Amino acid sequence: MNTHRKTLYTAAAILFAGFFVLAAHPSWANETGLPHSMVKITGQEDFVHIWTLGAEGIGDEQDKLVTVDVNPNSKQYGKVVNALSVGGRNEAHHMGFTFDRRYLWAATLDTSKIFIFDIHTDPAHPKLIRTVTDFVAKSGGVVGPHTVMPVKDRMLITGLSNNRDHGGRSALVEYTNNGKYIATYWMPTDDNLQGAKKTGKYADGYNYDVRALTRLDTMFTSSFSGWSNYMMDFGKMLKDEQAMKRFGNTFVVWRLSDRKPLKVFDVPGAPLEIRVAIDPAHDYAFTAATLTSKLWLIYRDKQGEWQAEEIGDIGDPSKVPLPVAFTISSDDRLLWVTTFMDGTVRAYNIEDPFHPVQIYEKHIGSQVNMVSTSWDGKRLYFTSSLLSKWDKKGKDNEQFIKGFVWNGKELKERFVIDFTKEKLGRPHEMKFSSYSLYGKL
Amino acid sequence: MTLNQRKCKLSRLGLSLFALLILVATLSMEPATGSNVTSGPGDVKTGYDSKTYETRSISVLKRKGAPADLMRVLQSPPRGLPPVPVPKDNPMTQKKVLLGRKLFFDRRLSLNETMSCAMCHVPEQGFTNNEMATAVGIEGRTVRRNAPTIYNVAYFSHIFHDGRETRLEYQVWQPMLNLNEMANPGFGYVVGKIRSFSDYKGLFESAFEGRGPGIETIGMAIASYERTIVSGNSAFDRWYFDNDESALSASAQRGFGLFTGKAGCMACHVIHKDYALFTDDAFHNTGLGWRFSVGDGQAEVPVQIAPGVKIMVPKKVIDSVGKPPPSDLGRYEVTQDPADRWRYKTPTLRNVALTAPYMHNGVFGTLKDVVSFYNKGGIPNPGLDPSIRPLGLTDDEMADIVAFLQSLTGDNVETLVRDAFAAPIGDRR
């Protein structure tokens with residue numbers, strides 16, 4: 001191969017790669033925030049996989065990956081087609097695909113196990129292929145793996161706690177796609193800011209969600225609470241003055257490439273999920289502080305500096321609605337926010353990201369937690385469970401997945417599965433899969 | 001020189017000014033604070049009630065260990081403490097102590113391998129847990145009472161807040177088997193598990209003359225370690241027992257006078273001639289247990305949602321997300337004697353500045369809160385201990401008592417905590 005030809009091939013490869021990145025870019029918003037260049041489901045999703053907490057007295061009481069058929073053309077539409085028990089109640093919580101979207105890593109907040117499922121071989125019937133049981137030891141004492149975010153051939157995992165005091169100081173942990181431990185990056189604390197700028201009064205070392213804007217080599221993390229609180233009976237904790245001091249009040253901006261913290265912002269009241277804008281011209285992300293019920297915008301100013309700004313209330317903060325999950329539409333125009341205590345979802349117009357305007361709300365159930373949207377924004381799915389010890393008690397402890405369609409004006413319910421009646425447990429996070437994604441049509 | 005004479009050394013003016021300073025300092029003071037990695041949570045929350053709160057967090061990696069000679073306490077107990085009582089059937093040895101320490105920090109010794117003794121008895125948090133009122137066990141299950149400190153537990157014949165256990169060797173097994181603590185399904189399960197861990201190979205046999213892990217040896221090893229968590233030679237000890245005049249502040253000296261006099265604290269928190277355990281090892285009704293059982297009638301509860309931000313939340317909202325707390329009748333649960341309802345063991349006051357929150361249910365976050373509670377005479381109820389009555393203490397006097405209580409911190413806390421940091425934390429590998 002001569003030099004000229006090599007150059008042409010290289011240019012073509014770069015162009016192709018660029019095209020691929022740009023074409024795949026909108027997938028970031030789909031399915032509640034998958035990374036930019038991950039392969040996406042552009043059409044109808046076939047299945048929703050629900051990481052479900054085992055509940056004492058319900059069925060086999062174990063955590064399980066529940067698969068629901070959500071293709072309206074299927075005879076099984078709105079039905080559970082598979083439930084794969086994994087053993088134990090591990091406080092199933094969040095999941096993340098590997099970059100090739102073939103495997104799903106399902107993390108747990110209590111035992112810190114990570115269950116790795118093969119999704120691509122048969123999306124209707126995921127298989128458990130490996131369980132990581134030594135996450136705490138390997139990571140140097142990080143407890144409670146939460147968000148699993150693929151970065152090329154690596155998996156970045158947020159931890160929520162530690163094995164010294166079960167408090168909120170924790171770290172990011174990096175693994176290979178194959179499940180090999182690479183490194184631990186502890187969150188910046190006052191005694192070791194690791195070069196980050198403490199912009200306000202807080203640098204608590206807490207952790208929760210992680211998202212990235214790869215085109216800007218930027219990563220964001222939020223902050224929640226440690227094992228002692230997220231595993232504690234919610235009512236008991238609310239009355240415990242000491243426990244209520246142990247919530248995160250920080251949001252950290254990192255340089256993605258070397259996992260280096262750059263800025264620590266004050267975001268009081270436990271900022272949980274992070275959603276990043278999709279449009280390449282939109283250099284911002286949102287987070288919601290759950291205890292204070294405030295929506296925050298993290299944006300780049302004209303000087304290219306990251307800033308954090310409170311941009312509005314979610315519901316009536318005095319009634320502690322507890323915003324717990326949200327999703328951004330693919331056109332950066334709509335933000336769907338669920339609030340656990342009043343079981344409501346609210347839609348905000350965010351065309352002006354500094355001034356969100358609520359345009360719609362609907363009561364989903366006595367409690368609601370996760371929300372996931374399809375790429376075209378026409379289908380929304382809701383699950384009910386927040387944490388095993390935080391869910392409502394008695395008759396308000398509804399456990400469900402509900403599927404809705406959005407016609408631009410209102411949500412209309414299409415199916416409901418009662419997870420208590422089906423003896424499944426407490427449904428938490430959802431991920432989508434489809435036959436087309438794996439060439440199995 | 002008598003103690004009263006000591007108290008008269010400062011001029012009246014100087015006394016007042018000093019008291020004022022102490023009062024100001026104490027009013028905003030919480031125990032177990034500071035930014036020292038060995039005394040208080042590294043996740044420092046002092047001043048969290050105020051909007052001026054600033055973090056002073058310490059990385060968990062700063063918990064650097066330094067093994068200590070734990071056996072030394074047997075030869076020479078710290079000033080102010082008697083010889084450590086060691087049962088004849090479980091003589092202390094270095095090997096047992098080290099094995100016990102390893103077990104104490106082993107999270108694998110619970111059903112789902114998340115809880116060790118040390119998750120509730122955190123070394124730098126006074127060997128208790130400063131971060132919650134009442135403990136949380138496996139899978140987040142509710143434990144009714146505040147985790148008591150391990151400091152000086154070697155001296156007590158009643159263990160647990162209700163005194164239901166009499167020996168550390170026996171006590172060890174309760175948390176390991178209780179469904180809401182470590183939830184192991186049986187003795188044999190624990191024994192078998194330890195036998196399966198390669199890192200324990202030969203350790204029991206070496207410590208117990210050939211005997212392997214078993215019901216007795218596991219209890220004896222952990223008890224041996226706990227008997228070394230002895231802490232004395234505090235500022236008070238040096239002042240009181242060694243007549244070191246400079247050891248105790250004037251405020252703390254006045255506090256001592258009140259503690260032993262007007263406030264009557266010493267009736268239960270006993271000081272002997274040659275040593276002081278600050279407990280009568282007996283059980284008393286302060287009214288807190290009674291009020292918990294009959295209810296406080298509050299319609300709203302203050303809930304802190306951010307630094308300096310508290311809101312009132314209707315109790316019915318809180319109840320909607322909380323299981324009804326289990327009942328707690330105190331010592332009665334052991335004796336079945338109605339007179340013992342809502343009686344709880346007098347805790348030691350040694351290292352009390354490190355062991356917040358206070359009382360059997362962790363209801364008070366500061367020593368000032370505790371003193372204020374007793375100043376008001378506890379909570380009237382049919383079984384209220386007759387020694388608890390309104391005390392008529394002024395704010396200055398309460399501050400002096402708090403200063404005295406803060407003088408009870410042993411001088412070897414850092415040594416014991418650093419030694420604990422040196423212990424391996426048992427996690428699945």
# chains A, B, ... in the order shown; residues from 1 in each chain; ligands from 1
$ residues_around --residues "Leu168 in chain B" --least-positions-apart "4" --cutoff "12 Å" --atoms "only C-alpha atoms" --output "NGL selection string"
:B and (85-87 or 90 or 100 or 150 or 152-160 or 163-164 or 172-175 or 216 or 218-227)
$ select_by_dssp --residues "range 99-268 of chain B" --states "helix (DSSP H, G or I)" --output "PyMOL selection string"
chain B and resi 99-104+107-109+117-119+123-125+138-140+153-155+168-171+173-177+187-196+198-200+203-207+215-226+235-240+245-247+250-260+265-267
$ write_last_selection --atoms "C-alpha atoms" --output "short mmCIF file (atom, residue, chain, number, x, y, z; two decimals), in the first residue's frame"
data_model
loop_
_atom_site.label_atom_id
_atom_site.label_comp_id
_atom_site.auth_asym_id
_atom_site.auth_seq_id
_atom_site.Cartn_x
_atom_site.Cartn_y
_atom_site.Cartn_z
CA LEU B 99 -7.65 -13.02 65.99
CA GLY B 100 -10.55 -11.29 67.76
CA ARG B 101 -9.67 -8.03 66.08
CA LYS B 102 -9.67 -9.70 62.70
CA LEU B 103 -13.10 -11.18 63.38
CA PHE B 104 -14.41 -7.85 64.68
CA ARG B 107 -17.86 -8.11 57.08
CA ARG B 108 -18.09 -11.65 55.75
CA LEU B 109 -19.37 -12.76 59.15
CA CYS B 117 -19.14 -5.69 64.39
CA ALA B 118 -17.24 -2.60 63.28
CA MET B 119 -19.95 -1.33 60.98
CA PRO B 123 -13.44 3.01 65.77
CA GLU B 124 -13.08 6.73 65.04
CA GLN B 125 -16.70 7.27 66.02
CA ILE B 138 -28.39 -6.33 57.64
CA GLU B 139 -30.51 -5.33 54.63
CA GLY B 140 -31.22 -2.08 56.47
CA VAL B 153 -16.85 -2.77 78.06
CA ALA B 154 -14.43 -5.15 79.77
CA TYR B 155 -15.55 -3.83 83.14
CA LEU B 168 -18.62 -10.73 76.40
CA GLU B 169 -17.99 -14.30 75.28
CA TYR B 170 -21.75 -14.83 75.15
CA GLN B 171 -22.70 -11.37 73.97
CA TRP B 173 -23.15 -14.23 69.39
CA GLN B 174 -26.29 -12.16 69.69
CA PRO B 175 -25.57 -9.66 66.92
CA MET B 176 -24.18 -12.42 64.75
CA LEU B 177 -27.41 -14.41 64.98
CA PHE B 187 -23.80 -21.22 65.00
CA GLY B 188 -22.69 -23.93 62.63
CA TYR B 189 -23.12 -21.64 59.66
CA VAL B 190 -20.69 -19.10 61.12
CA VAL B 191 -18.22 -21.75 62.21
CA GLY B 192 -18.32 -23.39 58.80
CA LYS B 193 -17.88 -20.11 57.02
CA ILE B 194 -14.80 -19.19 59.03
CA ARG B 195 -13.37 -22.63 58.43
CA SER B 196 -13.78 -22.05 54.70
CA SER B 198 -8.21 -19.40 53.76
CA ASP B 199 -7.04 -16.29 55.58
CA TYR B 200 -8.10 -17.87 58.90
CA LEU B 203 -5.15 -18.87 63.36
CA PHE B 204 -7.64 -20.44 65.76
CA GLU B 205 -5.52 -23.53 66.23
CA SER B 206 -2.56 -21.36 67.08
CA ALA B 207 -4.48 -19.15 69.50
CA ILE B 215 -18.88 -21.47 69.38
CA GLU B 216 -16.51 -21.02 72.29
CA THR B 217 -13.36 -19.99 70.50
CA ILE B 218 -15.03 -17.40 68.29
CA GLY B 219 -16.65 -15.78 71.34
CA MET B 220 -13.41 -15.94 73.32
CA ALA B 221 -11.37 -14.34 70.56
CA ILE B 222 -13.69 -11.40 69.98
CA ALA B 223 -14.15 -10.91 73.72
CA SER B 224 -10.39 -10.84 74.15
CA TYR B 225 -10.05 -8.03 71.61
CA GLU B 226 -12.91 -6.08 73.16
CA ALA B 235 -7.68 15.01 81.94
CA PHE B 236 -10.09 14.28 84.77
CA ASP B 237 -8.08 11.26 85.91
CA ARG B 238 -4.87 13.21 85.99
CA TRP B 239 -6.53 15.98 87.96
CA TYR B 240 -8.56 13.84 90.32
CA GLU B 245 -3.83 20.90 88.94
CA SER B 246 -3.17 21.92 85.38
CA ALA B 247 -4.90 18.94 83.86
CA ALA B 250 -11.62 25.72 85.66
CA SER B 251 -14.93 25.17 83.95
CA ALA B 252 -14.53 21.40 84.05
CA GLN B 253 -13.56 21.64 87.72
CA ARG B 254 -16.72 23.56 88.45
CA GLY B 255 -18.58 20.99 86.39
CA PHE B 256 -17.13 18.27 88.58
CA GLY B 257 -18.44 20.07 91.61
CA LEU B 258 -21.90 20.21 90.12
CA PHE B 259 -21.68 16.62 88.88
CA THR B 260 -20.94 15.40 92.37
CA CYS B 265 -25.11 12.90 88.46
CA MET B 266 -22.73 10.82 90.52
CA ALA B 267 -25.58 8.94 92.13
#
$ atom_distance --atom1 "CA of Ala106 in chain A" --atom2 "CA of Val405 in chain A"
26.9 Å
$ residues_around --residues "Arg164 in chain A" --least-positions-apart "3" --cutoff "12 Å" --atoms "only C-alpha atoms" --output "compact mmCIF listing (two decimals) with C-alpha atoms, in the first residue's frame"
# COMPACT_ATOMS: atom_id res chain seq x y z
CA VAL A 136 -15.59 -4.00 47.51
CA ALA A 137 -12.26 -5.72 48.00
CA GLY A 140 -10.25 -0.71 48.01
CA GLY A 141 -13.44 -0.49 50.02
CA VAL A 142 -16.04 1.10 47.77
CA VAL A 143 -19.56 -0.04 48.68
CA SER A 161 -20.57 4.26 50.26
CA GLY A 167 -21.19 6.64 55.21
CA GLY A 168 -21.41 8.70 52.04
CA ARG A 169 -17.76 9.17 51.12
CA SER A 170 -17.10 7.06 48.07
CA GLY A 226 -24.20 6.29 52.18
CA TRP A 227 -25.33 2.75 52.96
CA SER A 228 -26.49 3.69 56.45
CA PRO B 41 -16.48 10.90 61.56
CA GLY B 42 -14.29 11.93 58.65
CA ASP B 43 -17.54 13.16 57.21
CA SER B 59 -10.67 11.09 52.75
CA VAL B 60 -11.30 7.56 53.98
CA LEU B 61 -7.78 6.81 52.74
CA LYS B 62 -6.46 8.88 55.65
CA ARG B 63 -7.41 6.04 57.97
CA LYS B 64 -3.84 4.83 58.24
CA PHE B 105 -13.72 -6.17 61.33
CA ASP B 106 -14.79 -9.04 59.10
CA ARG B 107 -17.86 -8.11 57.08
CA THR B 114 -22.12 -6.64 54.46
CA MET B 115 -21.99 -6.28 58.25
CA SER B 116 -19.20 -6.70 60.74
CA CYS B 117 -19.14 -5.69 64.39
CA ALA B 118 -17.24 -2.60 63.28
CA MET B 119 -19.95 -1.33 60.98
CA CYS B 120 -21.94 -0.34 64.09
CA HIS B 121 -18.93 0.13 66.38
CA VAL B 122 -16.84 2.39 64.16
CA PRO B 123 -13.44 3.01 65.77
CA GLU B 124 -13.08 6.73 65.04
CA GLN B 125 -16.70 7.27 66.02
CA ASN B 129 -21.86 5.15 65.33
CA ALA B 420 -8.16 -0.64 64.71
CA PHE B 421 -7.34 0.95 61.37
CA ALA B 422 -4.51 -1.54 61.05
CA ALA B 423 -6.95 -4.44 61.15
CA PRO B 424 -7.82 -5.93 57.78
CA ILE B 425 -11.42 -5.36 56.73
CA GLY B 426 -12.87 -8.68 55.73
CA ASP B 427 -14.56 -8.57 52.35
$ atom_distance --atom1 "CA of Val416 in chain A" --atom2 "CA of Ser293 in chain A"
27.8 Å
$ interface_residues --of "chain A" --to "chain B" --cutoff "7 Å" --atoms "only C-alpha atoms" --output "count of residues only"
38
$ atom_distance --atom1 "CA of Thr290 in chain A" --atom2 "CA of Val148 in chain A"
20.8 Å
